[in-house]
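Quick look at start-v7.tsv (TSV, C-alpha atoms):
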chain	number	residue	atom	x	y	z
D	22	MET	CA	0.00	0.00	0.00
D	23	PRO	CA	1.36	3.43	-0.86
D	24	GLN	CA	0.48	4.69	2.62
D	25	PHE	CA	3.12	2.44	4.17
D	26	ASP	CA	5.89	3.98	2.04
D	27	SER	CA	8.05	5.54	4.73
D	28	THR	CA	9.63	7.99	2.26
D	29	PHE	CA	6.95	10.57	3.01
D	30	PHE	CA	6.60	9.96	6.75
D	31	SER	CA	8.96	12.70	7.90
D	32	SER	CA	7.44	15.41	5.73
D	33	LEU	CA	3.88	14.31	6.59
D	34	ILE	CA	4.63	14.34	10.34
D	35	PHE	CA	6.33	17.72	10.12
D	36	TRP	CA	3.61	19.40	8.08
D	37	GLU	CA	0.84	17.71	10.03
D	38	LEU	CA	2.12	19.03	13.34
D	39	LEU	CA	2.79	22.46	11.84
D	40	SER	CA	-0.62	22.68	10.13
D	41	PHE	CA	-2.47	21.41	13.18
D	42	GLY	CA	-0.56	23.78	15.44
D	43	THR	CA	-1.27	26.73	13.11
D	44	LEU	CA	-4.96	25.85	12.87
D	45	MET	CA	-5.25	25.45	16.64
D	46	PHE	CA	-3.50	28.79	17.21
D	47	LEU	CA	-5.70	30.61	14.67
D	48	LEU	CA	-8.92	29.15	16.01
D	49	TYR	CA	-7.86	29.58	19.65
D	50	LYS	CA	-6.97	33.20	19.02
D	51	TYR	CA	-9.58	34.40	16.54
D	52	ALA	CA	-12.56	32.05	16.49
D	53	PHE	CA	-13.27	29.90	19.54
D	54	PRO	CA	-13.47	32.66	22.20
D	55	PHE	CA	-16.01	34.62	20.16
D	56	ILE	CA	-18.13	31.68	19.05
D	57	LEU	CA	-18.05	30.10	22.50
D	58	GLY	CA	-18.76	33.45	24.10
D	59	GLU	CA	-21.72	34.03	21.82
D	60	LEU	CA	-22.94	30.49	22.46
D	61	GLU	CA	-22.59	30.82	26.21
D	62	ALA	CA	-24.20	34.27	26.19
D	63	ARG	CA	-27.15	32.90	24.24
D	64	GLU	CA	-27.40	29.89	26.54
D	65	LYS	CA	-27.25	32.16	29.55
D	66	LYS	CA	-29.91	34.40	28.04
D	67	ILE	CA	-32.19	31.44	27.40
D	68	LYS	CA	-31.53	30.09	30.88
D	69	ASP	CA	-32.16	33.50	32.40
D	70	SER	CA	-35.37	33.86	30.41
D	71	LEU	CA	-36.50	30.44	31.56
D	72	ASP	CA	-35.58	31.25	35.15
D	73	GLN	CA	-37.41	34.54	34.89
D	74	ALA	CA	-40.44	32.83	33.36
D	75	GLU	CA	-40.35	30.28	36.16
D	76	HIS	CA	-40.06	33.06	38.70
D	77	HIS	CA	-42.97	34.92	37.12
D	78	ARG	CA	-45.03	31.75	37.08
D	79	SER	CA	-44.42	31.03	40.74
D	80	GLU	CA	-45.07	34.69	41.54
D	81	ALA	CA	-48.33	34.54	39.59
D	82	GLU	CA	-49.29	31.36	41.39
D	83	ARG	CA	-48.49	32.94	44.73
D	84	ARG	CA	-50.57	36.00	43.86
D	85	LEU	CA	-53.42	33.82	42.65
D	86	LYS	CA	-53.39	31.94	45.94
D	87	GLU	CA	-53.20	35.22	47.82
D	88	TYR	CA	-56.14	36.65	45.85
D	89	GLU	CA	-58.13	33.50	46.27
D	90	ALA	CA	-57.52	33.62	50.00
D	91	LYS	CA	-58.47	37.30	50.05
D	92	LEU	CA	-61.53	36.62	47.96
D	93	SER	CA	-62.71	33.86	50.24
D	94	ALA	CA	-62.03	36.08	53.27
D	95	VAL	CA	-64.01	38.88	51.64
D	96	ALA	CA	-66.84	36.46	50.79
D	97	LYS	CA	-66.85	35.27	54.38
D	98	GLU	CA	-66.84	38.85	55.61
D	99	ALA	CA	-69.70	39.75	53.25
D	100	GLU	CA	-71.62	36.76	54.52
D	101	GLY	CA	-71.00	37.91	58.07
D	102	ILE	CA	-72.09	41.45	57.23
D	103	LEU	CA	-75.23	40.15	55.56
D	104	ALA	CA	-76.04	37.91	58.50
D	105	ALA	CA	-75.46	40.79	60.95
D	106	ALA	CA	-77.65	43.09	58.83
D	107	LYS	CA	-80.40	40.51	58.73
D	108	GLU	CA	-80.16	40.01	62.45
D	109	ARG	CA	-80.22	43.74	63.06
D	110	ALA	CA	-83.20	44.21	60.75
D	111	GLN	CA	-85.03	41.42	62.54
D	112	ARG	CA	-84.18	42.96	65.88
D	113	LEU	CA	-85.38	46.38	64.73
D	114	LEU	CA	-88.55	44.81	63.42
D	115	ASP	CA	-89.13	43.02	66.72
D	116	GLU	CA	-88.37	46.16	68.70
D	117	ASN	CA	-90.72	48.24	66.57
D	118	GLU	CA	-93.45	45.69	66.90
D	119	GLN	CA	-93.01	45.57	70.65
D	120	ARG	CA	-92.86	49.35	70.90
D	121	LEU	CA	-95.97	49.76	68.77
D	122	THR	CA	-97.81	47.15	70.80
D	123	VAL	CA	-96.90	48.95	74.03
D	124	GLU	CA	-97.85	52.28	72.48
D	125	ALA	CA	-101.14	50.88	71.28
D	126	GLU	CA	-101.81	49.43	74.73
D	127	ARG	CA	-100.95	52.73	76.26
D	128	ILE	CA	-103.22	54.68	73.89
D	129	LYS	CA	-105.96	52.17	74.49
D	130	GLY	CA	-105.50	52.49	78.27
D	131	ASP	CA	-105.49	56.29	78.05
D	132	ALA	CA	-108.62	56.28	75.95
D	133	THR	CA	-110.37	53.91	78.34
D	134	ARG	CA	-109.37	56.02	81.29
D	135	GLU	CA	-110.52	59.18	79.55
D	136	ILE	CA	-113.81	57.62	78.62
D	137	GLU	CA	-114.30	56.47	82.20
D	138	HIS	CA	-113.39	59.91	83.41
D	139	GLU	CA	-115.80	61.58	81.01
D	140	ARG	CA	-118.49	59.15	81.94
D	141	ARG	CA	-118.03	59.86	85.61
D	142	LYS	CA	-117.98	63.56	84.92
D	143	ALA	CA	-121.14	63.32	82.89
D	144	VAL	CA	-122.85	61.35	85.65
D	145	GLN	CA	-121.74	63.95	88.19
D	146	ASP	CA	-123.05	66.75	85.96
D	147	ILE	CA	-126.35	65.04	85.53
D	148	ARG	CA	-126.53	64.50	89.26
D	149	ASN	CA	-125.80	68.15	89.96
D	150	GLN	CA	-128.31	69.39	87.40
D	151	THR	CA	-130.86	66.95	88.61
D	152	THR	CA	-130.32	68.13	92.19
D	153	GLU	CA	-130.80	71.70	91.19
D	154	LEU	CA	-133.88	70.80	89.19
D	155	ALA	CA	-135.29	68.82	92.03
D	156	LEU	CA	-134.62	71.65	94.44
D	157	MET	CA	-136.39	74.06	92.17
D	158	VAL	CA	-139.31	71.72	91.84
D	159	ALA	CA	-139.38	71.05	95.54
D	160	GLU	CA	-139.23	74.71	96.36
D	161	LYS	CA	-142.12	75.33	94.15
D	162	VAL	CA	-143.99	72.40	95.60
D	163	VAL	CA	-143.55	73.19	99.24
D	164	GLN	CA	-143.74	76.97	98.69
D	165	ARG	CA	-141.31	77.60	101.34
D	166	SER	CA	-137.73	78.09	101.73
D	167	LEU	CA	-135.75	75.45	103.34
D	168	THR	CA	-132.45	75.80	105.01
D	169	GLU	CA	-129.44	74.85	103.11
D	170	ALA	CA	-129.07	71.73	105.18
D	171	ASP	CA	-132.60	70.69	104.53
D	172	GLN	CA	-132.22	71.33	100.91
D	173	ARG	CA	-129.09	69.27	100.82
D	174	LYS	CA	-130.78	66.43	102.71
D	175	PHE	CA	-133.73	66.42	100.36
D	176	ALA	CA	-131.54	66.58	97.42
D	177	ASP	CA	-129.38	63.74	98.60
D	178	ASP	CA	-132.39	61.65	99.34
D	179	ALA	CA	-133.82	62.42	95.98
D	180	LEU	CA	-130.54	61.65	94.35
D	181	GLU	CA	-130.18	58.46	96.27
D	182	ALA	CA	-133.55	57.43	95.04
D	183	LEU	CA	-132.67	58.56	91.56
D	184	SER	CA	-129.37	56.82	91.60
D	185	LYS	CA	-130.99	53.60	92.70
D	186	SER	CA	-133.55	53.86	90.02
D	187	TYR	CA	-130.79	54.67	87.50
D	188	GLN	CA	-128.69	51.74	88.56
D	189	ARG	CA	-131.64	49.52	88.14
Z	7	MET	CA	-3.77	-0.58	-18.85
Z	8	GLU	CA	-5.94	-0.93	-15.71
Z	9	GLU	CA	-5.01	1.59	-13.04
Z	10	SER	CA	-4.56	0.31	-9.46
Z	11	PRO	CA	-7.41	1.32	-7.13
Z	12	LEU	CA	-4.72	2.32	-4.65
Z	13	HIS	CA	-3.28	4.78	-7.14
Z	14	PRO	CA	-5.11	7.77	-5.53
Z	15	PHE	CA	-3.11	7.20	-2.33
Z	16	GLU	CA	0.27	7.56	-3.99
Z	17	LEU	CA	2.27	10.68	-3.20
Z	18	HIS	CA	4.83	12.55	-5.26
Z	19	ASN	CA	7.00	15.36	-4.01
Z	20	PHE	CA	6.27	18.66	-5.73
Z	21	ILE	CA	8.99	20.68	-4.03
Z	22	PRO	CA	11.82	18.73	-2.38
Z	23	ILE	CA	12.88	20.41	0.89
Z	24	THR	CA	15.14	19.15	3.65
Z	25	LEU	CA	15.48	20.67	7.10
Z	26	GLY	CA	18.50	19.59	9.12
Z	27	GLY	CA	18.78	16.47	7.03
Z	28	VAL	CA	15.10	15.64	7.50
Z	29	ASP	CA	12.93	15.47	4.39
Z	30	ILE	CA	10.03	17.88	4.63
Z	31	SER	CA	9.14	18.00	0.96
Z	32	ILE	CA	5.85	19.41	-0.22
Z	33	ASN	CA	3.48	16.87	-1.71
Z	34	LYS	CA	-0.24	16.63	-2.43
Z	35	ALA	CA	-1.10	15.59	1.13
Z	36	VAL	CA	0.80	18.55	2.56
Z	37	VAL	CA	-0.96	20.94	0.21
Z	38	MET	CA	-4.29	19.45	1.31
Z	39	MET	CA	-3.38	20.07	4.95
Z	40	TRP	CA	-2.78	23.72	4.10
Z	41	VAL	CA	-6.09	23.86	2.25
Z	42	VAL	CA	-7.86	22.36	5.27
Z	43	VAL	CA	-6.19	24.87	7.60
Z	44	ALA	CA	-7.16	27.73	5.26
Z	45	VAL	CA	-10.76	26.60	4.79
Z	46	VAL	CA	-11.45	25.81	8.46
Z	47	SER	CA	-9.79	28.94	9.82
Z	48	THR	CA	-11.45	31.18	7.20
Z	49	LEU	CA	-14.91	29.74	7.83
Z	50	LEU	CA	-14.66	29.92	11.60
Z	51	ILE	CA	-12.97	33.30	11.77
Z	52	ILE	CA	-15.58	34.80	9.42
Z	53	ALA	CA	-18.32	33.17	11.49
Z	54	ALA	CA	-16.78	34.47	14.69
Z	55	SER	CA	-16.38	38.02	13.37
Z	56	SER	CA	-19.89	38.28	11.91
Z	57	ARG	CA	-21.63	38.33	15.22
Z	58	GLY	CA	-25.06	39.83	14.88
Z	59	ARG	CA	-28.19	39.95	16.95
Z	60	VAL	CA	-29.76	37.59	14.43
Z	61	PRO	CA	-27.05	35.05	13.54
Z	62	GLY	CA	-26.31	34.38	9.85
Z	63	LYS	CA	-26.15	30.94	8.24
Z	64	LEU	CA	-22.40	30.59	8.62
Z	65	GLN	CA	-22.56	31.72	12.22
Z	66	ILE	CA	-25.33	29.22	12.97
Z	67	LEU	CA	-23.29	26.45	11.32
Z	68	ALA	CA	-20.15	27.39	13.25
Z	69	GLU	CA	-22.10	27.64	16.50
Z	70	MET	CA	-23.70	24.26	15.84
Z	71	LEU	CA	-20.27	22.67	15.26
Z	72	VAL	CA	-18.69	24.35	18.27
Z	73	GLY	CA	-21.75	23.63	20.44
Z	74	PHE	CA	-21.68	20.00	19.32
Z	75	ILE	CA	-18.01	19.61	20.27
Z	76	ARG	CA	-18.61	21.44	23.55
Z	77	SER	CA	-21.47	19.16	24.54
Z	78	MET	CA	-19.39	16.13	23.50
Z	79	ILE	CA	-16.64	17.26	25.89
Z	80	LEU	CA	-19.13	18.06	28.67
Z	81	ASP	CA	-20.80	14.65	28.30
Z	82	THR	CA	-17.58	12.66	28.45
Z	83	MET	CA	-15.26	14.75	30.61
Z	84	GLY	CA	-17.47	17.15	32.53
Z	85	LYS	CA	-16.81	20.85	33.01
Z	86	ASP	CA	-13.08	20.32	33.66
Z	87	GLY	CA	-12.75	18.92	30.15
Z	88	LEU	CA	-13.43	22.34	28.64
Z	89	LYS	CA	-9.73	23.12	29.25
Z	90	PHE	CA	-9.06	20.78	26.33
Z	91	PHE	CA	-11.68	22.42	24.13
Z	92	PRO	CA	-9.24	24.12	21.70
Z	93	LEU	CA	-7.31	20.86	21.18
Z	94	ILE	CA	-10.34	18.64	20.80
Z	95	ALA	CA	-12.30	21.08	18.63
Z	96	THR	CA	-9.31	21.64	16.33
Z	97	LEU	CA	-8.78	17.89	16.09
Z	98	PHE	CA	-12.43	17.33	15.17
Z	99	LEU	CA	-12.53	20.12	12.61
Z	100	PHE	CA	-9.17	19.15	11.09
Z	101	ILE	CA	-10.14	15.48	10.68
Z	102	LEU	CA	-13.68	16.33	9.51
Z	103	PHE	CA	-12.49	18.70	6.80
Z	104	CYS	CA	-9.63	16.36	5.79
Z	105	ASN	CA	-12.27	13.65	5.31
Z	106	TRP	CA	-14.68	15.94	3.49
Z	107	LEU	CA	-12.30	17.82	1.22
Z	108	GLY	CA	-10.59	14.54	0.31
Z	109	LEU	CA	-13.85	13.42	-1.28
Z	110	ILE	CA	-13.65	16.12	-3.95
Z	111	PRO	CA	-12.32	14.40	-7.08
Z	112	GLY	CA	-8.69	15.23	-7.77
Z	113	THR	CA	-7.87	16.11	-4.16
Z	114	TYR	CA	-6.11	13.97	-1.56
Z	115	THR	CA	-7.49	12.47	1.65
Z	116	VAL	CA	-4.91	13.31	4.29
Z	117	THR	CA	-6.56	11.00	6.82
Z	118	SER	CA	-6.00	8.00	4.55
Z	119	GLN	CA	-2.32	8.22	5.50
Z	120	ILE	CA	-1.57	5.86	8.40
Z	121	ILE	CA	1.24	8.10	9.58
Z	122	VAL	CA	-1.10	11.11	9.86
Z	123	THR	CA	-3.75	9.26	11.86
Z	124	GLY	CA	-0.98	7.50	13.79
Z	125	VAL	CA	0.60	10.78	14.86
Z	126	PHE	CA	-2.76	12.11	16.06
Z	127	ALA	CA	-3.62	8.88	17.87
Z	128	GLY	CA	-0.16	8.57	19.40
Z	129	ALA	CA	-0.15	12.21	20.49
Z	130	VAL	CA	-3.59	11.94	22.05
Z	131	TYR	CA	-2.70	8.74	23.87
Z	132	LEU	CA	0.65	10.10	25.02
Z	133	LEU	CA	-1.07	13.24	26.26
Z	134	SER	CA	-3.60	11.19	28.21
Z	135	VAL	CA	-0.86	9.08	29.84
Z	136	VAL	CA	1.31	12.10	30.70
Z	137	LEU	CA	-1.73	13.96	32.03
Z	138	GLY	CA	-2.73	10.94	34.11
Z	139	PHE	CA	0.71	10.68	35.74
Z	140	VAL	CA	0.94	14.45	36.28
Z	141	LEU	CA	-2.50	14.62	37.91
Z	142	HIS	CA	-2.50	11.36	39.88
Z	143	GLY	CA	1.16	10.25	40.12
Z	144	ILE	CA	1.72	6.54	40.57
Z	145	LYS	CA	-1.98	6.08	41.38
Z	146	PHE	CA	-2.63	6.45	37.68
Z	147	LEU	CA	-1.44	2.85	37.29
Z	148	GLY	CA	-4.79	1.99	38.91
Z	149	ILE	CA	-6.19	2.39	35.41
Z	150	LEU	CA	-4.83	-1.12	34.78
Z	151	VAL	CA	-7.17	-2.54	37.44
Z	152	PRO	CA	-10.83	-2.30	36.54
Z	153	PRO	CA	-13.03	-1.45	39.53
Z	154	GLY	CA	-14.29	-4.51	41.43
Z	155	THR	CA	-11.57	-6.90	40.23
Z	156	PRO	CA	-10.87	-9.63	42.85
Z	157	ALA	CA	-7.21	-9.81	43.94
Z	158	TRP	CA	-6.65	-13.32	42.56
Z	159	MET	CA	-7.66	-12.07	39.11
Z	160	LEU	CA	-5.00	-9.35	39.03
Z	161	PRO	CA	-2.21	-11.44	37.37
Z	162	LEU	CA	-4.66	-12.07	34.54
Z	163	MET	CA	-6.33	-8.66	34.40
Z	164	ILE	CA	-3.24	-6.48	34.44
Z	165	PRO	CA	-1.68	-7.95	31.26
Z	166	ILE	CA	-5.09	-7.81	29.55
Z	167	GLU	CA	-5.51	-4.18	30.56
Z	168	ILE	CA	-1.98	-3.35	29.37
Z	169	ILE	CA	-2.83	-4.85	25.98
Z	170	SER	CA	-6.12	-2.98	25.98
Z	171	GLN	CA	-4.31	0.26	26.76
Z	172	LEU	CA	-1.74	-0.30	24.02
Z	173	ALA	CA	-4.50	-1.17	21.58
Z	174	ARG	CA	-6.06	2.24	22.13
Z	175	PRO	CA	-3.72	4.35	19.96
Z	176	VAL	CA	-3.37	1.58	17.41
Z	177	SER	CA	-7.14	1.12	17.03
Z	178	LEU	CA	-7.63	4.88	16.98
Z	179	ALA	CA	-5.12	5.30	14.17
Z	180	VAL	CA	-6.12	2.26	12.15
Z	181	ARG	CA	-9.87	2.89	12.34
Z	182	LEU	CA	-9.68	6.29	10.69
Z	183	PHE	CA	-7.00	5.29	8.18
Z	184	ALA	CA	-8.80	2.06	7.22
Z	185	ASN	CA	-12.19	3.70	6.82
Z	186	MET	CA	-10.88	6.47	4.63
Z	187	THR	CA	-8.73	4.10	2.57
Z	188	ALA	CA	-11.56	1.62	2.13
Z	189	GLY	CA	-14.06	4.27	1.10
Z	190	HIS	CA	-11.76	5.77	-1.48
Z	191	THR	CA	-10.67	2.37	-2.75
Z	192	ILE	CA	-14.30	1.37	-3.30
Z	193	LEU	CA	-14.92	4.67	-5.08
Z	194	ALA	CA	-11.82	4.15	-7.23
Z	195	VAL	CA	-12.86	0.59	-8.11
Z	196	LEU	CA	-16.41	1.65	-8.95
Z	197	PHE	CA	-15.23	4.58	-11.02
Z	198	GLY	CA	-12.75	2.33	-12.82
Z	199	MET	CA	-15.70	0.12	-13.72
Z	200	VAL	CA	-17.65	3.10	-15.02
Z	201	ILE	CA	-14.82	3.86	-17.41
Z	202	SER	CA	-13.94	0.31	-18.47
Z	203	LEU	CA	-17.43	-1.22	-18.84
Z	204	PRO	CA	-19.53	-0.78	-21.99
Z	205	PHE	CA	-21.87	2.24	-21.77
Z	206	TYR	CA	-25.08	0.18	-21.45
Z	207	VAL	CA	-24.00	-1.31	-18.11
Z	208	SER	CA	-21.70	1.44	-16.92
Z	209	TRP	CA	-24.61	3.33	-15.37
Z	210	LEU	CA	-24.80	0.65	-12.68
Z	211	PRO	CA	-21.34	1.27	-11.15
Z	212	PHE	CA	-21.90	4.99	-11.77
Z	213	ALA	CA	-25.06	4.92	-9.65
Z	214	ALA	CA	-23.17	2.92	-7.02
Z	215	THR	CA	-20.39	5.57	-7.11
Z	216	LEU	CA	-22.95	8.29	-6.43
Z	217	PHE	CA	-24.45	6.26	-3.61
Z	218	VAL	CA	-21.09	5.45	-1.98
Z	219	ASN	CA	-19.92	9.03	-2.39
Z	220	THR	CA	-23.09	10.35	-0.72
Z	221	LEU	CA	-22.60	7.80	2.04
Z	222	GLU	CA	-19.00	8.93	2.51
Z	223	VAL	CA	-19.91	12.62	2.60
Z	224	CYS	CA	-22.97	12.35	4.82
Z	225	LEU	CA	-22.05	9.47	7.11
Z	226	ILE	CA	-18.55	8.01	7.02
Z	227	ALA	CA	-16.57	11.26	7.01
Z	228	PRO	CA	-18.41	12.95	9.91
Z	229	ILE	CA	-18.85	9.70	11.86
Z	230	GLN	CA	-15.15	8.85	11.68
Z	231	ALA	CA	-14.20	12.36	12.78
Z	232	TYR	CA	-16.74	12.05	15.59
Z	233	ILE	CA	-15.46	8.63	16.72
Z	234	PHE	CA	-11.86	9.83	16.73
Z	235	THR	CA	-12.80	12.90	18.74
Z	236	ILE	CA	-15.09	11.21	21.24
Z	237	LEU	CA	-12.48	8.52	21.94
Z	238	THR	CA	-9.96	11.30	22.47
Z	239	CYS	CA	-12.38	12.80	24.99
Z	240	VAL	CA	-12.84	9.42	26.68
Z	241	TYR	CA	-9.08	8.78	26.97
Z	242	LEU	CA	-8.36	12.27	28.27
Z	243	GLY	CA	-11.38	12.01	30.57
Z	244	ASP	CA	-10.03	8.73	31.98
Z	245	ALA	CA	-6.73	10.41	32.68
Z	246	VAL	CA	-8.40	13.36	34.39
Z	247	THR	CA	-10.94	11.52	36.50
Z	248	LEU	CA	-9.27	8.08	36.83
Z	249	HIS	CA	-12.76	6.58	36.79
Z	250	GLY	CA	-14.84	4.68	34.28
Z	251	HIS	CA	-11.77	3.27	32.61
Z	252	SER	CA	-13.50	0.02	31.73
Z	253	GLU	CA	-13.78	-1.21	28.19
Z	254	HIS	CA	-14.56	1.25	25.42
Z	255	ALA	CA	-15.37	0.50	21.85
Z	256	HIS	CA	-12.22	-0.23	19.91

How does the structure come out when it is put into structure tokens?
Amino acid sequence: MPQFDSTFFSSLIFWELLSFGTLMFLLYKYAFPFILGELEAREKKIKDSLDQAEHHRSEAERRLKEYEAKLSAVAKEAEGILAAAKERAQRLLDENEQRLTVEAERIKGDATREIEHERRKAVQDIRNQTTELALMVAEKVVQRSLTEADQRKFADDALEALSKSYQR
Amino acid sequence: MEESPLHPFELHNFIPITLGGVDISINKAVVMMWVVVAVVSTLLIIAASSRGRVPGKLQILAEMLVGFIRSMILDTMGKDGLKFFPLIATLFLFILFCNWLGLIPGTYTVTSQIIVTGVFAGAVYLLSVVLGFVLHGIKFLGILVPPGTPAWMLPLMIPIEIISQLARPVSLAVRLFANMTAGHTILAVLFGMVISLPFYVSWLPFAATLFVNTLEVCLIAPIQAYIFTILTCVYLGDAVTLHGHSEHAH
């Protein structure tokens, strides 16, 4: 095989090492740092973006949980407020009812008392007028003046009789 | 007269030069090495200098190649292996472009020279051994004892491991050389048939030439460069970490 012809070995080894060394130097100096740098920068950017996205996601999740908790707290609070309002309205209603009942009772009592009072007054008036009428009649009948005490006695007797007849 | 299929591997000195009594004449293989150096450095330096917010095609290609080599090193050697990035990346690119450019008709496949692959393989292996002794001292000899070997097996295992270690540079060199030589020999044979056969059957070897050439360009050339490089990573990684030095594909 021509490849085993050792005539060319020395020149091939020499130029191989020289070419490889030159290529490695050129790439090491002018290509690899920039390409690797760009590659690493892009990788870092992607990683950072992913990290940031992950951070945002967890932050969003945290906020969601927080809002959900707040929302349920608010719902609970609203429920509480509603229940308290209902209770208060019921209490007011009960109070009003009670107050009105008492008021009505009181008005009724007052009216009854007033009626009773008026009735008594009317009876007294009638009694007085009747007494005077009776006195006048009696005076005319007996044609003489009686003393005040007599008059009163007659009147009372008459009234007594009248009152009995009235009660009957 | 039928031309030998090994004819494409023959070298002739264009410019005879000697340096201190050593022959360093310029031949086709040497010129191809220069071409490879020129092409690879031009492509990568242009790609490196044309850094834009939106990367161009060349930049993407260069970044893909560099990223591929970087991940290969990270997978086999870890983060410490990145110290060897310039060496390993240059090795990969040099072998890859030697394989590729050698497929252009009329050029020469540098990697089909046993001495070229041998120098690379020997240098890589030597580097791994020197590195191992520098980093671990005499403990590096532990590489000859696979983990978990019972003591009574040592007299058997150590010679086997020594052979296995010595086979590393040889297999590394021969694999690349043999693959490149075989591929080009097949191509030469097929193309010889295209020329020598009557035209009504010559299309058959011609189609086979196209097929084999496509196979060489798309598969063999990059795969061989990849195998050479990943084994380099494995050997250097063994020397650095002193672990996982069990059998590797040879």

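With distances restricted to only C-alpha atoms, Z:Met186 is the closest residue to chain D from Z:Met83, Z:Ile144, Z:Met186, Z:Leu203.
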
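If you look at atom CA of D:Lys65 and atom CA of Z:Gly73, they are 13.6 Å away from each other.
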
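What separates atom CA of D:Trp36 from atom CA of Z:Met78 is a distance of 27.9 Å.
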
Contact residues (chain D, partner chain Z, 10 Å, all atoms listed in the file) as a PyMOL selection string: chain D and resi 22-61

Show me, as number ranges by chain, the residues that have an atom within 10 Å of D:Leu154 when counting all atoms listed in the file, minus same-chain residues fewer than 6 positions from it. D: 148, 160, 176

Serialized selection, C-alpha atoms, as a CSV table (one decimal), in the coordinates of the input:
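For reference, part.csv as written:
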chain,number,residue,atom,x,y,z
D,148,ARG,CA,-126.5,64.5,89.3
D,160,GLU,CA,-139.2,74.7,96.4
D,176,ALA,CA,-131.5,66.6,97.4

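Distance annotation: of D:Leu114, D:Thr133, D:Ser184, D:Arg120, the residue with the minimal separation from D:Gln145 is D:Ser184; atom set is all atoms listed in the file.
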
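For the pair atom CA of Z:Gly138 and atom CA of Z:Ile233, the interatomic distance is 21.7 Å.
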
Please write out, as lines of an AutoDock Vina configuration file, where the centre of an axis-aligned box around all listed atoms of stretch 135-152 of chain D lies and how long its edges are, in Å to one decimal, after adding 4 Å on each side.
center_x = -120.7
center_y = 62.9
center_z = 85.4
size_x = 28.3
size_y = 20.9
size_z = 21.6
